[in-house]
file protein.txt (compact mmCIF, C-alpha atoms)
# COMPACT_ATOMS: atom_id res chain seq x y z
CA MET A 259 -10.62 -27.79 -3.45
CA ILE A 260 -10.00 -26.30 -6.89
CA ALA A 261 -6.33 -25.78 -7.61
CA ALA A 262 -5.59 -22.07 -7.74
CA PRO A 263 -2.46 -20.45 -9.07
CA ARG A 264 0.10 -20.28 -6.31
CA VAL A 265 1.98 -17.13 -5.65
CA LEU A 266 5.43 -17.96 -6.94
CA TRP A 267 8.80 -16.60 -5.91
CA ARG A 268 10.69 -15.15 -8.86
CA THR A 269 14.22 -13.82 -9.14
CA ALA A 270 14.24 -10.09 -9.84
CA THR A 271 17.27 -8.37 -11.35
CA VAL A 272 18.01 -4.73 -10.58
CA LEU A 273 18.15 -2.77 -13.83
CA GLU A 274 18.43 0.73 -12.47
CA LEU A 275 18.54 2.61 -9.17
CA VAL A 276 17.09 6.09 -8.78
CA ASP A 277 17.65 8.21 -5.68
CA GLU A 278 14.34 9.96 -5.00
CA THR A 279 15.17 11.72 -1.75
CA PRO A 280 18.08 11.51 0.72
CA HIS A 281 16.21 8.58 2.33
CA ALA A 282 14.37 6.83 -0.48
CA ARG A 283 15.44 5.01 -3.59
CA THR A 284 13.56 3.48 -6.49
CA LEU A 285 14.59 0.00 -7.63
CA VAL A 286 13.71 -0.66 -11.25
CA LEU A 287 13.49 -4.41 -11.70
CA ASP A 288 13.32 -6.98 -14.41
CA VAL A 289 11.07 -9.79 -13.20
CA PRO A 290 10.90 -12.73 -15.63
CA ASP A 291 7.34 -13.83 -16.44
CA TRP A 292 5.87 -10.96 -14.44
CA PRO A 293 2.12 -11.60 -14.72
CA GLY A 294 1.23 -7.90 -14.59
CA HIS A 295 -0.23 -5.96 -11.70
CA ALA A 296 -2.98 -3.53 -10.82
CA ALA A 297 -2.08 -0.10 -9.50
CA GLY A 298 -1.93 -0.27 -5.71
CA GLN A 299 -0.75 -3.87 -5.42
CA HIS A 300 2.48 -4.81 -3.73
CA VAL A 301 5.15 -7.48 -3.80
CA ASP A 302 6.80 -9.48 -1.08
CA VAL A 303 10.59 -9.24 -1.14
CA ARG A 304 12.70 -12.03 0.32
CA LEU A 305 16.40 -11.71 1.06
CA THR A 306 18.49 -14.75 1.93
CA ALA A 307 21.82 -14.40 3.72
CA GLU A 308 24.76 -16.71 3.07
CA ASP A 309 23.96 -18.65 6.24
CA GLY A 310 20.41 -19.24 5.04
CA TYR A 311 18.74 -16.62 7.25
CA GLN A 312 15.78 -15.11 5.45
CA ALA A 313 14.02 -11.78 5.87
CA GLN A 314 10.81 -10.86 4.11
CA ARG A 315 9.11 -7.50 3.60
CA SER A 316 6.24 -6.10 1.61
CA TYR A 317 6.68 -3.14 -0.78
CA SER A 318 4.16 -1.35 -2.95
CA VAL A 319 4.73 -1.30 -6.69
CA ALA A 320 5.36 2.27 -7.85
CA SER A 321 5.25 1.69 -11.59
CA ALA A 322 2.19 1.70 -13.83
CA PRO A 323 0.77 -1.66 -14.91
CA GLU A 324 1.57 -0.54 -18.47
CA ASP A 325 5.29 -0.43 -17.67
CA PRO A 326 6.99 -3.80 -18.25
CA ARG A 327 9.63 -2.95 -15.64
CA VAL A 328 8.55 -3.26 -12.02
CA ALA A 329 9.59 -0.32 -9.86
CA LEU A 330 9.64 -0.32 -6.06
CA THR A 331 10.42 2.76 -4.00
CA VAL A 332 12.01 1.88 -0.69
CA GLU A 333 12.45 4.29 2.19
CA ARG A 334 15.54 3.58 4.27
CA ILE A 335 14.88 2.94 7.95
CA ASP A 336 18.31 3.18 9.52
CA ASP A 337 17.88 0.45 12.13
CA GLY A 338 15.86 -1.74 9.75
CA GLU A 339 16.90 -5.17 8.62
CA VAL A 340 15.99 -5.02 4.93
CA SER A 341 15.57 -1.42 3.81
CA PRO A 342 19.18 -0.30 4.51
CA TYR A 343 20.28 -2.99 2.08
CA LEU A 344 17.66 -2.33 -0.59
CA ALA A 345 17.98 1.45 -0.38
CA GLY A 346 21.72 1.45 0.31
CA GLU A 347 24.08 -1.35 -0.63
CA LEU A 348 22.12 -2.84 -3.53
CA GLU A 349 23.66 -2.29 -6.97
CA ALA A 350 22.49 -2.64 -10.55
CA GLY A 351 22.78 -6.27 -11.65
CA ASP A 352 22.07 -7.63 -8.15
CA THR A 353 19.22 -10.09 -7.71
CA PHE A 354 16.71 -10.94 -5.00
CA GLU A 355 13.45 -12.83 -4.76
CA VAL A 356 10.01 -11.29 -5.18
CA ARG A 357 6.53 -12.74 -5.29
CA GLY A 358 3.41 -11.06 -6.47
CA PRO A 359 1.61 -9.05 -7.40
CA ILE A 360 -0.26 -9.36 -4.14
CA GLY A 361 -3.40 -7.74 -2.79
CA GLY A 362 -6.64 -6.72 -4.44
CA HIS A 363 -8.33 -4.48 -1.93
CA PHE A 364 -6.16 -1.39 -2.26
CA THR A 365 -6.25 -1.17 -6.07
CA TRP A 366 -7.64 1.16 -8.71
CA ARG A 367 -8.13 0.51 -12.40
CA ALA A 368 -9.06 3.31 -14.79
CA ALA A 369 -12.18 1.29 -15.67
CA ASP A 370 -13.31 1.71 -12.05
CA GLY A 371 -13.73 5.39 -12.86
CA GLY A 372 -13.61 8.45 -10.65
CA PRO A 373 -13.77 10.77 -8.95
CA LEU A 374 -10.69 9.87 -6.99
CA LEU A 375 -9.37 11.22 -3.73
CA LEU A 376 -5.85 10.08 -2.91
CA VAL A 377 -4.32 11.00 0.43
CA ALA A 378 -0.68 10.16 1.09
CA GLY A 379 1.51 10.51 4.15
CA GLY A 380 5.23 10.35 3.33
CA SER A 381 6.18 7.23 1.41
CA GLY A 382 2.51 6.20 1.46
CA LEU A 383 2.55 7.98 -1.87
CA VAL A 384 4.09 4.96 -3.60
CA PRO A 385 0.96 2.88 -4.38
CA LEU A 386 -0.98 6.06 -5.15
CA MET A 387 1.75 7.04 -7.62
CA ALA A 388 1.14 3.74 -9.43
CA MET A 389 -2.52 4.79 -9.73
CA LEU A 390 -1.62 8.24 -11.10
CA ARG A 391 0.90 6.78 -13.54
CA HIS A 392 -1.72 4.25 -14.67
CA ARG A 393 -4.29 7.03 -15.04
CA MET A 394 -1.89 9.00 -17.24
CA ARG A 395 -0.76 6.03 -19.33
CA VAL A 396 -4.29 5.01 -20.29
CA GLY A 397 -5.39 8.61 -20.92
CA SER A 398 -8.01 8.65 -18.17
CA ARG A 399 -9.49 12.07 -17.46
CA ALA A 400 -11.16 10.98 -14.24
CA ASP A 401 -11.34 13.80 -11.70
CA ALA A 402 -8.44 13.03 -9.36
CA ARG A 403 -7.24 14.92 -6.30
CA LEU A 404 -4.00 14.09 -4.56
CA LEU A 405 -3.32 15.43 -1.09
CA LEU A 406 0.29 14.80 -0.17
CA SER A 407 1.63 15.27 3.34
CA ALA A 408 5.34 15.21 4.12
CA ARG A 409 7.59 16.58 6.81
CA GLU A 410 9.57 18.84 4.52
CA ARG A 411 10.17 19.54 0.87
CA ASP A 412 13.19 17.24 0.62
CA ALA A 413 11.04 14.33 1.76
CA LEU A 414 8.61 14.64 -1.18
CA LEU A 415 8.88 11.70 -3.55
CA TYR A 416 8.59 12.08 -7.34
CA ARG A 417 8.49 15.89 -7.08
CA ASP A 418 9.28 16.72 -10.70
CA GLU A 419 7.06 14.00 -12.12
CA LEU A 420 4.12 15.11 -9.97
CA GLU A 421 4.51 18.66 -11.24
CA GLN A 422 4.46 17.37 -14.82
CA LEU A 423 1.39 15.24 -14.16
CA ALA A 424 -0.45 18.17 -12.60
CA ALA A 425 0.53 20.45 -15.49
CA ALA A 426 -1.04 18.12 -18.05
CA GLY A 427 -4.43 19.67 -17.36
CA ASP A 428 -6.27 16.37 -17.60
CA GLY A 429 -8.26 16.60 -14.38
CA LEU A 430 -5.57 15.96 -11.79
CA SER A 431 -4.93 18.45 -9.02
CA ILE A 432 -2.25 18.09 -6.36
CA THR A 433 -2.21 19.75 -2.96
CA TYR A 434 0.81 19.67 -0.67
CA THR A 435 1.17 20.09 3.04
CA LEU A 436 4.57 20.27 4.72
CA THR A 437 4.15 19.59 8.40
CA ARG A 438 7.59 20.31 9.85
CA ALA A 439 9.50 22.79 7.72
CA GLN A 440 8.47 24.92 4.77
CA PRO A 441 10.78 26.60 2.25
CA GLU A 442 10.67 30.33 1.92
CA GLY A 443 7.70 31.51 -0.09
CA TRP A 444 5.81 28.24 0.45
CA THR A 445 2.19 28.62 -0.60
CA GLY A 446 0.92 25.13 0.28
CA TYR A 447 -0.47 23.99 3.59
CA ALA A 448 1.80 23.82 6.62
CA ARG A 449 -0.12 21.65 9.07
CA ARG A 450 -1.28 18.09 9.56
CA VAL A 451 -4.14 16.89 7.40
CA ASP A 452 -7.45 17.85 9.00
CA ALA A 453 -11.11 17.94 8.04
CA PRO A 454 -11.12 21.52 6.65
CA MET A 455 -8.13 20.63 4.45
CA LEU A 456 -9.80 17.48 3.16
CA GLU A 457 -12.98 19.42 2.50
CA ALA A 458 -11.07 22.08 0.57
CA VAL A 459 -9.24 19.47 -1.52
CA GLY A 460 -12.47 17.60 -2.28
CA PRO A 461 -14.25 16.00 -4.03
CA ALA A 462 -17.17 16.28 -1.63
CA ALA A 463 -18.65 13.13 -0.14
CA SER A 464 -21.86 13.88 -2.06
CA VAL A 465 -20.21 12.97 -5.39
CA GLN A 466 -19.04 9.66 -3.92
CA PRO A 467 -15.33 9.65 -4.72
CA ARG A 468 -13.27 6.50 -4.35
CA VAL A 469 -10.86 7.30 -1.55
CA PHE A 470 -7.42 5.79 -1.03
CA VAL A 471 -5.38 6.67 2.04
CA CYS A 472 -1.87 5.36 2.56
CA GLY A 473 0.74 6.30 5.13
CA PRO A 474 1.92 5.61 8.66
CA THR A 475 -0.76 4.07 10.87
CA PRO A 476 -1.53 7.20 12.97
CA PHE A 477 -1.82 9.25 9.77
CA VAL A 478 -4.22 6.78 8.16
CA GLU A 479 -6.37 6.46 11.28
CA SER A 480 -6.63 10.22 11.66
CA VAL A 481 -7.43 10.89 7.98
CA ALA A 482 -10.01 8.09 7.89
CA ASP A 483 -11.74 9.57 10.96
CA HIS A 484 -11.88 13.02 9.32
CA LEU A 485 -13.26 11.51 6.10
CA ILE A 486 -15.99 9.66 7.99
CA ALA A 487 -16.86 12.90 9.79
CA LEU A 488 -17.16 14.62 6.39
CA GLY A 489 -19.72 12.02 5.34
CA HIS A 490 -17.66 9.62 3.23
CA PRO A 491 -19.02 6.10 3.67
CA ALA A 492 -16.55 3.70 5.28
CA ALA A 493 -16.91 1.31 2.35
CA ALA A 494 -15.59 3.98 -0.06
CA ILE A 495 -12.45 4.56 2.00
CA HIS A 496 -9.60 2.20 1.21
CA THR A 497 -6.68 2.31 3.57
CA GLU A 498 -3.19 0.88 3.70
CA ARG A 499 -0.95 1.37 6.70
CA PHE A 500 2.80 1.65 6.92
CA GLY A 501 5.02 1.57 9.96
CA PRO A 502 6.86 4.51 11.49
CA THR A 503 8.05 5.88 8.16
CA GLY A 504 7.08 8.94 6.18
CA GLY A 505 4.86 11.54 7.76
CA MET B 10 2.48 1.91 17.68
CA SER B 11 5.07 -0.84 17.78
CA THR B 12 5.08 -4.37 16.52
CA ALA B 13 7.51 -7.23 16.26
CA ASP B 14 8.06 -6.27 12.62
CA PRO B 15 11.55 -4.69 12.78
CA ASP B 16 10.92 -2.34 9.88
CA GLY B 17 7.32 -1.80 10.99
CA LEU B 18 6.38 -1.32 7.38
CA THR B 19 2.78 -2.36 7.15
CA LEU B 20 0.21 -2.86 9.80
CA ASP B 21 -3.00 -4.13 8.30
CA GLY B 22 -4.35 -7.11 6.41
CA ASN B 23 -2.80 -5.86 3.17
CA ALA B 24 0.60 -6.55 4.67
CA ILE B 25 0.05 -10.29 4.92
CA ALA B 26 -1.75 -10.73 1.59
CA GLY B 27 1.06 -13.02 0.44
CA MET B 28 0.78 -15.28 3.46
CA LEU B 29 -3.02 -15.31 3.20
CA ALA B 30 -2.70 -16.39 -0.42
CA GLU B 31 -0.48 -19.26 0.75
CA VAL B 32 -2.98 -20.28 3.40
CA PHE B 33 -6.02 -20.02 1.14
CA ASN B 34 -4.53 -21.82 -1.84
CA GLY B 35 -3.75 -18.76 -3.94
CA ALA B 36 -6.97 -16.82 -3.31
CA GLU B 37 -6.74 -13.03 -3.08
CA MET B 38 -8.02 -12.40 0.45
CA THR B 39 -7.53 -8.67 1.12
CA GLY B 40 -10.73 -7.88 -0.76
CA ALA B 41 -12.67 -10.59 1.06
CA SER B 42 -15.10 -9.21 3.60
CA ARG B 43 -15.77 -10.30 7.12
CA VAL B 44 -18.78 -9.60 9.30
CA CYS B 45 -17.55 -9.32 12.86
CA ALA B 46 -19.20 -11.77 15.24
CA SER B 47 -18.82 -9.24 18.02
CA CYS B 48 -19.91 -5.85 16.64
CA GLY B 49 -21.64 -6.89 13.41
CA GLN B 50 -19.67 -4.51 11.18
CA ARG B 51 -18.54 -5.66 7.74
CA HIS B 52 -14.96 -4.78 6.73
CA ALA B 53 -12.54 -5.93 4.05
CA ILE B 54 -9.76 -8.18 5.33
CA GLY B 55 -7.27 -5.57 4.04
CA GLU B 56 -8.75 -3.07 6.51
CA HIS B 57 -8.28 -5.35 9.51
CA ARG B 58 -5.57 -4.42 11.99
CA LEU B 59 -2.51 -6.61 11.98
CA TYR B 60 -0.76 -7.61 15.19
CA ARG B 61 2.37 -9.74 15.21
CA GLY B 62 3.41 -11.55 18.33
CA ALA B 63 3.81 -15.23 19.04
CA GLY B 64 1.24 -15.64 16.27
CA LEU B 65 -0.29 -13.40 13.71
CA VAL B 66 -3.61 -11.75 14.48
CA LEU B 67 -6.08 -9.74 12.42
CA ARG B 68 -8.56 -7.71 14.43
CA CYS B 69 -11.82 -6.02 13.44
CA PRO B 70 -11.17 -2.32 12.69
CA GLY B 71 -14.54 -1.54 14.26
CA CYS B 72 -14.23 -3.15 17.67
CA GLY B 73 -10.88 -4.92 17.88
CA ASP B 74 -12.32 -8.41 18.21
CA VAL B 75 -10.08 -11.15 16.80
CA GLY B 76 -11.01 -12.28 13.30
CA LEU B 77 -8.07 -14.43 12.34
CA LEU B 78 -5.22 -16.12 14.14
CA ILE B 79 -2.33 -17.86 12.44
CA VAL B 80 0.11 -19.85 14.53
CA GLU B 81 3.11 -21.57 12.99
CA GLY B 82 5.05 -24.54 14.27
CA ASP B 83 7.64 -26.88 12.91
CA GLY B 84 6.24 -27.89 9.56
CA TRP B 85 2.65 -26.79 10.20
CA ARG B 86 0.49 -23.72 10.25
CA GLU B 87 -2.81 -23.47 12.10
CA VAL B 88 -5.44 -20.96 11.07
CA ARG B 89 -8.40 -20.00 13.25
CA MET B 90 -11.15 -17.73 12.00
CA TRP B 91 -14.09 -15.98 13.67
CA GLY B 92 -17.05 -14.13 12.19
CA ALA B 93 -18.67 -14.59 8.80
CA TRP B 94 -16.17 -14.50 5.97
CA SER B 95 -17.17 -13.90 2.37
CA VAL B 96 -14.62 -14.64 -0.33
CA ARG B 97 -15.14 -14.15 -4.06
CA VAL B 98 -12.81 -16.21 -6.28
CA PRO B 99 -12.62 -16.69 -10.04
CA ALA B 100 -14.62 -19.64 -11.38
CA PRO B 101 -12.51 -22.61 -12.49
CA PRO B 102 -11.98 -22.80 -16.25
CA ALA B 103 -14.81 -24.74 -17.96
call {"tool": "encode", "arguments": {"input": "protein.txt", "output": "structure tokens"}}
result
Amino acid sequence: MIAAPRVLWRTATVLELVDETPHARTLVLDVPDWPGHAAGQHVDVRLTAEDGYQAQRSYSVASAPEDPRVALTVERIDDGEVSPYLAGELEAGDTFEVRGPIGGHFTWRAADGGPLLLVAGGSGLVPLMAMLRHRMRVGSRADARLLLSARERDALLYRDELEQLAAAGDGLSITYTLTRAQPEGWTGYARRVDAPMLEAVGPAASVQPRVFVCGPTPFVESVADHLIALGHPAAAIHTERFGPTGG
Amino acid sequence: MSTADPDGLTLDGNAIAGMLAEVFNGAEMTGASRVCASCGQRHAIGEHRLYRGAGLVLRCPGCGDVGLLIVEGDGWREVRMWGAWSVRVPAPPA
């Protein structure tokens, strides 16, 4: 068998921590010899306790491939084993092991072209954010639609940055739905993602958009079913499932 | 849906891309496709459903038939595969 490059563990150093919501934090990392990633890829994170016990998790990269610093956004799951540490106790200057980038199925490069339909449930936005940041950094004007579902306004990640991206007028439109609680004067959707909502957001199946759906498993399954019903071919729908987070 | 993954973070083939790369000597496997021996549908490995129990199982998103099983023991790892797998890898340098 031909020797292929192994996926190596590297020591990442925390450069900066950014609180995104009351439950999610972005870790900006320096990873020596980072080989570069494609938007949508993830890394495996490995924590080792003093007694040698190891725990490993997978997190999507939030930063654009053009950004030399690797950013992960971690949602804290209170009874979790890893996320309370990463999104809680971790401090700038701390180190942990990462390997990656990993995955090639759930990726988008500007050269792949559009139109793009991105559908996010909760923290499923993270890999899609890497795609939007990449799109902006390379000056792509590909028609891109983001449909973002969250429980409430405070649970929306990257709120200010998304507003800036949408205001750039370069072909990106963002639609929000808040499923549990809406602030006064809310003009976005206020229900779970359904077929009429997906149809209104577009692009229509007839123009063959590349579709990326990321979120909790029930969210992804439901959205994928609606997309199929609207005529999107299964092969054009890329999905990535998260556990009981987000929504 | 519950799994043995305490954080329950990811539940499809994308989630074990790192382990698949270990098993397949560094190859990127989530974009590989598999034709299910049971229902005949073709799906990317990244779209397959992940189940974690005593071993690690990927199931066809179309019909649920088992496509991959990884069992680990002391110092070994056994991989069983069903269906027709198609993997595209970079050519070795000339």
call {"tool": "interface_residues", "arguments": {"input": "protein.txt", "of": "chain A", "to": "chain B", "cutoff": "10 Å", "atoms": "all atoms listed in the file", "output": "ChimeraX atom specification"}}
result
/A:259-266,299-302,315-318,333-341,357-365,473-476,492-493,495-503
call {"tool": "atom_distance", "arguments": {"input": "protein.txt", "atom1": "atom CA of B:Gly71", "atom2": "atom CA of B:Cys48"}}
result
7.3 Å
call {"tool": "atom_distance", "arguments": {"input": "protein.txt", "atom1": "atom CA of A:Met389", "atom2": "atom CA of A:Arg449"}}
result
25.4 Å
call {"tool": "atom_distance", "arguments": {"input": "protein.txt", "atom1": "atom CA of A:Ala297", "atom2": "atom CA of A:Gly429"}}
result
18.5 Å
call {"tool": "residues_around", "arguments": {"input": "protein.txt", "residues": "A:Glu355", "least_positions_apart": "5", "cutoff": "7 Å", "atoms": "all atoms listed in the file", "output": "PyMOL selection string"}}
result
chain A and resi 267-270+303-305
call {"tool": "residues_around", "arguments": {"input": "protein.txt", "residues": "B:Gly82", "least_positions_apart": "4", "cutoff": "12 Å", "atoms": "all atoms listed in the file", "output": "list in words"}}
result
Ala63, Gly64, Arg86, Glu87 and Val88 of chain B
call {"tool": "closest_residue", "arguments": {"input": "protein.txt", "among": "A:His392, A:Arg468, A:Arg283, A:Arg403", "to": "A:Ala368", "atoms": "only C-alpha atoms"}}
result
A:His392
call {"tool": "residues_around", "arguments": {"input": "protein.txt", "residues": "B:Met90", "least_positions_apart": "4", "cutoff": "9 Å", "atoms": "only C-alpha atoms", "output": "list in words"}}
result
Val75, Gly76, Leu77, Leu78, Ile79 and Trp94 of chain B
call {"tool": "residues_near_point", "arguments": {"input": "protein.txt", "point": "(-3.6, 11.5, 2.7)", "cutoff": "7 Å", "atoms": "only C-alpha atoms", "output": "short mmCIF file (atom, residue, chain, number, x, y, z; two decimals) with C-alpha atoms, keeping the file's coordinate frame"}}
result
data_model
loop_
_atom_site.label_atom_id
_atom_site.label_comp_id
_atom_site.auth_asym_id
_atom_site.auth_seq_id
_atom_site.Cartn_x
_atom_site.Cartn_y
_atom_site.Cartn_z
CA LEU A 376 -5.85 10.08 -2.91
CA VAL A 377 -4.32 11.00 0.43
CA ALA A 378 -0.68 10.16 1.09
CA GLY A 379 1.51 10.51 4.15
CA LEU A 405 -3.32 15.43 -1.09
CA LEU A 406 0.29 14.80 -0.17
CA SER A 407 1.63 15.27 3.34
CA VAL A 471 -5.38 6.67 2.04
CA CYS A 472 -1.87 5.36 2.56
CA VAL A 481 -7.43 10.89 7.98
#
call {"tool": "closest_residue", "arguments": {"input": "protein.txt", "among": "A:Phe354, A:Glu349, A:Gly489, A:Thr437", "to": "A:Gln312", "atoms": "only C-alpha atoms"}}
result
A:Phe354
call {"tool": "decode", "arguments": {"input": "protein.txt", "residues": "stretch 433-504 of chain A", "atoms": "C-alpha atoms", "output": "mmCIF file, in the first residue's frame"}}
result
data_model
loop_
_atom_site.group_PDB
_atom_site.id
_atom_site.type_symbol
_atom_site.label_atom_id
_atom_site.label_comp_id
_atom_site.auth_asym_id
_atom_site.auth_seq_id
_atom_site.Cartn_x
_atom_site.Cartn_y
_atom_site.Cartn_z
ATOM 1 C CA THR A 433 -33.212 34.351 6.932
ATOM 2 C CA TYR A 434 -33.813 33.684 10.621
ATOM 3 C CA THR A 435 -36.349 31.592 12.422
ATOM 4 C CA LEU A 436 -36.664 31.626 16.204
ATOM 5 C CA THR A 437 -38.562 28.572 17.306
ATOM 6 C CA ARG A 438 -39.128 29.144 21.020
ATOM 7 C CA ALA A 439 -39.130 32.831 21.869
ATOM 8 C CA GLN A 440 -39.125 35.934 19.706
ATOM 9 C CA PRO A 441 -38.194 39.462 20.784
ATOM 10 C CA GLU A 442 -40.771 42.176 20.473
ATOM 11 C CA GLY A 443 -41.146 43.406 16.926
ATOM 12 C CA TRP A 444 -39.555 40.256 15.478
ATOM 13 C CA THR A 445 -40.106 40.103 11.731
ATOM 14 C CA GLY A 446 -38.404 36.768 10.985
ATOM 15 C CA TYR A 447 -39.993 33.349 11.057
ATOM 16 C CA ALA A 448 -41.176 31.898 14.356
ATOM 17 C CA ARG A 449 -41.594 28.202 13.611
ATOM 18 C CA ARG A 450 -39.572 25.111 12.823
ATOM 19 C CA VAL A 451 -38.070 24.871 9.365
ATOM 20 C CA ASP A 452 -40.623 23.429 6.947
ATOM 21 C CA ALA A 453 -41.031 23.016 3.209
ATOM 22 C CA PRO A 454 -42.799 26.360 2.564
ATOM 23 C CA MET A 455 -40.004 28.147 4.450
ATOM 24 C CA LEU A 456 -37.298 26.377 2.466
ATOM 25 C CA GLU A 457 -39.133 27.155 -0.749
ATOM 26 C CA ALA A 458 -39.399 30.837 0.173
ATOM 27 C CA VAL A 459 -35.703 31.034 1.076
ATOM 28 C CA GLY A 460 -34.673 29.297 -2.151
ATOM 29 C CA PRO A 461 -32.851 28.835 -4.452
ATOM 30 C CA ALA A 462 -35.302 26.521 -6.172
ATOM 31 C CA ALA A 463 -34.293 22.937 -6.878
ATOM 32 C CA SER A 464 -34.469 23.745 -10.599
ATOM 33 C CA VAL A 465 -31.295 25.875 -10.397
ATOM 34 C CA GLN A 466 -29.474 23.013 -8.664
ATOM 35 C CA PRO A 467 -28.014 24.686 -5.586
ATOM 36 C CA ARG A 468 -25.403 22.938 -3.487
ATOM 37 C CA VAL A 469 -27.125 22.344 -0.174
ATOM 38 C CA PHE A 470 -25.454 22.028 3.214
ATOM 39 C CA VAL A 471 -27.501 21.190 6.291
ATOM 40 C CA CYS A 472 -25.964 21.035 9.750
ATOM 41 C CA GLY A 473 -27.592 20.743 13.145
ATOM 42 C CA PRO A 474 -28.990 18.274 15.643
ATOM 43 C CA THR A 475 -29.925 14.930 14.111
ATOM 44 C CA PRO A 476 -33.739 15.395 14.171
ATOM 45 C CA PHE A 477 -33.329 18.840 12.586
ATOM 46 C CA VAL A 478 -31.105 17.514 9.801
ATOM 47 C CA GLU A 479 -33.378 14.548 9.075
ATOM 48 C CA SER A 480 -36.453 16.754 8.910
ATOM 49 C CA VAL A 481 -34.846 19.428 6.701
ATOM 50 C CA ALA A 482 -33.386 16.803 4.349
ATOM 51 C CA ASP A 483 -36.837 15.212 3.959
ATOM 52 C CA HIS A 484 -38.391 18.596 3.106
ATOM 53 C CA LEU A 485 -35.626 19.312 0.591
ATOM 54 C CA ILE A 486 -36.140 15.957 -1.122
ATOM 55 C CA ALA A 487 -39.879 16.674 -1.268
ATOM 56 C CA LEU A 488 -39.092 20.023 -2.933
ATOM 57 C CA GLY A 489 -37.178 18.186 -5.647
ATOM 58 C CA HIS A 490 -33.563 18.616 -4.546
ATOM 59 C CA PRO A 491 -31.585 15.525 -5.547
ATOM 60 C CA ALA A 492 -30.195 13.582 -2.595
ATOM 61 C CA ALA A 493 -26.692 13.824 -4.045
ATOM 62 C CA ALA A 494 -26.813 17.648 -3.849
ATOM 63 C CA ILE A 495 -27.727 17.623 -0.158
ATOM 64 C CA HIS A 496 -24.763 17.434 2.189
ATOM 65 C CA THR A 497 -25.577 16.822 5.804
ATOM 66 C CA GLU A 498 -23.706 16.836 9.087
ATOM 67 C CA ARG A 499 -25.374 15.841 12.320
ATOM 68 C CA PHE A 500 -24.755 17.037 15.842
ATOM 69 C CA GLY A 501 -26.031 15.632 19.095
ATOM 70 C CA PRO A 502 -28.685 17.154 21.330
ATOM 71 C CA THR A 503 -27.311 20.680 21.064
ATOM 72 C CA GLY A 504 -28.580 23.767 19.320
#
